[in-house]
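Colleague: Mind having a look at this structure? Questions to follow.
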Amino acid sequence: MTDAVRLDDHDYKVMQGSVGPEVIDIRKYYADSGRFTYDPGFTSTASCRSTITYIDGDEGVLLHRGYSIGELAESSSFMEVAYLLLNGELPSKEAFDTFTTTITRHTMVHEQLATFFRGFRRDAHPMAIMCGVVGALSAFYHDSTDVHDPAQRVIASHRLIAKMPTLAAMAYKYSVGQPFLYPDNSLSYTGNFLRMTFGVPAEPYEVNPIVERAMDRIFILHADHEQNASTSTVRLAGSSGANPFACIAAGIACLWGPAHGGANEAALNMLREIGTPDRIPEYIARAKDKNDPFRLMGFGHRVYKNYDPRATVMQQTVREVLGALGVTDPVFDVALQLEEIALKDDYFAEKKLFPNVDFYSGVILSAIGFPTSMFTALFALARTVGWVAQWNEMITDPDQKIGRPRQLYAGATARPYLPVGQR
Ligand code: SDX
């Protein structure tokens, strides 16, 4: 391990985390050299020091506070993973019971929030609604917007985690013209969400334990993922001291993009457009064609240059859920064959493009009954836990200050203003 590297006659400290690549502390590089570093996609930039999630992209490893995603998906629950991400350790039974009771007691939203939905068209995309109503939470919970008050940070964190399922279910109900259902505190976090989404006031709703377990596992797989685009958005928004509700709304907006969380919706739409296995070669060829903007949605990743471990669990879960529900979906067969063909193709092998978390998730969500337009809202629901954990870490990090990148300026240099008659 080297202690420092020398750049332009100055030494810069090399820092080593507990695992993963070393980093060069270049905070003083501009002051020393008058130069900026250039890294527009942050492919070689560590934006922060974090203890929450570790990814080894070459090995396909994902750890949350040191626990592998495979073990958490198999043995834990979304609420337990939420506690782990927020607090750094798995909870005792007492601590877990206290945590889940607290979250349960925050699942209702202010009654006036329901009127916000009525301002949207019925066909509004659920992510457009989520951006709006989550940002609006800061208009209702003034008692938990002071980011420098630890007690308010805790309350805001619990409110956000607790209310996202309620708001996501309301977004779905609004889109189908059905009445909103209030939370039912006798149900689990995930069971409550399923009932608010698929239940109706006219009759009791029985949570299907197979669906509940699968949904809870899907939430676990989406909970956090290091410094991805939406998490970095939340951190950057939070670095200005913006309130947590506004920061999470910013994260939702970023997640919506098809290159990021919007890929789950795009992936299922793509698989449905392909339709039958015989059309797979046509789409593989398009994905490889530099002149065609088409990409295989749900494939490739900035960090994973191996199989996304979440995709492995997701594929297994598809088999379990479809089998248990007695559902056959030809789209799943298309997905399996598309993966098999792509992974044998030199283009994908050379570029190390593998299925990511979004490739199979839509098959399960569709089997459970969600429209594709809800897929990214479900991603946002789960990722709120990671965003909140990362936001809290950023706020309490002594190294953190307002994020303010610089640029390589390539525009016009100084020139005199010319009156219109002289142009
Ligand atoms: C998520 O960051 C995270 O952790 C995100 C996430 C999380 O949990 O937060 O994991 C969730 O966002 C998963 C990714 C979902 N997006 C998609 O599935 C959309 C399709 N994938 C891509 O657009 C792409 O792979 C990205 C955006 C995911 C990653 O892009 P990068 O790292 O910027 O890589 P790139 O665009 O520079 O691609 C490298 C090469 C290019 O070819 P060349 O220009 O080098 O010749 O690989 C090609 C790309 O054209 N490529 C693809 C491809 N993805 C990359 N070619 C065809 N199909 C694809 N899907």
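Labeling convention for the structure tokens: chains A, B, ... as they appear, residues from 1 per chain, ligands from 1 in order of appearance.
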Mind checking DSSP for region 35-271 of chain A and telling me the helix (DSSP H, G or I) residues as a PyMOL selection string?
Modeller: chain A and resi 69-75+78-87+93-104+113-117+126-139+142-144+150-176+189-198+209-221+229-239+244-255+263-271
Colleague: If we count only C-alpha atoms, what is near Arg406 (chain A) at a cut-off of 8 Å, once residues fewer than 2 positions away on the same chain are taken out, given as a list of chain:residue names?
Modeller: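 With the cut-off at 8 Å, the set is A:Phe36, A:Arg404, A:Leu408.
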Colleague: Would you save the residues from that selection as an mmCIF file, in the first residue's frame, using all heavy atoms?
Modeller:
```cif
data_model
loop_
_atom_site.group_PDB
_atom_site.id
_atom_site.type_symbol
_atom_site.label_atom_id
_atom_site.label_comp_id
_atom_site.auth_asym_id
_atom_site.auth_seq_id
_atom_site.Cartn_x
_atom_site.Cartn_y
_atom_site.Cartn_z
ATOM 1 N N PHE A 36 -7.918 21.384 -12.529
ATOM 2 C CA PHE A 36 -8.995 20.517 -12.040
ATOM 3 C C PHE A 36 -8.718 19.116 -12.554
ATOM 4 O O PHE A 36 -7.990 18.935 -13.528
ATOM 5 C CB PHE A 36 -10.354 20.980 -12.602
ATOM 6 C CG PHE A 36 -10.783 22.363 -12.188
ATOM 7 C CD1 PHE A 36 -11.359 23.223 -13.112
ATOM 8 C CD2 PHE A 36 -10.624 22.800 -10.886
ATOM 9 C CE1 PHE A 36 -11.779 24.507 -12.736
ATOM 10 C CE2 PHE A 36 -11.030 24.077 -10.508
ATOM 11 C CZ PHE A 36 -11.599 24.932 -11.443
ATOM 12 N N ARG A 404 -19.918 21.180 -4.866
ATOM 13 C CA ARG A 404 -19.878 22.256 -5.875
ATOM 14 C C ARG A 404 -18.758 21.933 -6.856
ATOM 15 O O ARG A 404 -17.650 22.490 -6.733
ATOM 16 C CB ARG A 404 -19.614 23.589 -5.155
ATOM 17 C CG ARG A 404 -20.145 24.815 -5.906
ATOM 18 C CD ARG A 404 -19.306 25.093 -7.043
ATOM 19 N NE ARG A 404 -19.646 26.357 -7.724
ATOM 20 C CZ ARG A 404 -19.390 26.540 -9.005
ATOM 21 N NH1 ARG A 404 -18.847 25.562 -9.714
ATOM 22 N NH2 ARG A 404 -19.686 27.675 -9.580
ATOM 23 N N LEU A 408 -14.506 22.011 -17.103
ATOM 24 C CA LEU A 408 -13.569 22.366 -18.162
ATOM 25 C C LEU A 408 -14.331 23.322 -19.061
ATOM 26 O O LEU A 408 -15.290 22.908 -19.722
ATOM 27 C CB LEU A 408 -13.154 21.129 -18.960
ATOM 28 C CG LEU A 408 -12.322 21.406 -20.225
ATOM 29 C CD1 LEU A 408 -10.961 21.983 -19.857
ATOM 30 C CD2 LEU A 408 -12.160 20.132 -21.036
#
```
Colleague: Please determine, counting only C-alpha atoms, which residue among A:Ile69, A:Ala311, A:Val133, A:Ile24 has the shortest atom-to-atom distance to Ala114 (chain A).
Modeller: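 Answer, going by the shortest atom-to-atom distance: A:Val133.
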Colleague: Select the residues contacting ligand 1 at a distance of at most 9 Å, based on only C-alpha atoms and all ligand atoms, then format the selection as a ChimeraX atom specification.
Modeller: /A:41,43,55,221-231,255,257-264,266-267,284,286-290,293-304,308,310,347-348,350-359,379,383
Colleague: I'd like to know which of A:Met314, A:Val147, A:Leu72, A:Val134 is closest to Pro165 (chain A), using only C-alpha atoms.
Modeller: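 Distance minimum relative to Pro165 (chain A) lands on A:Val134.
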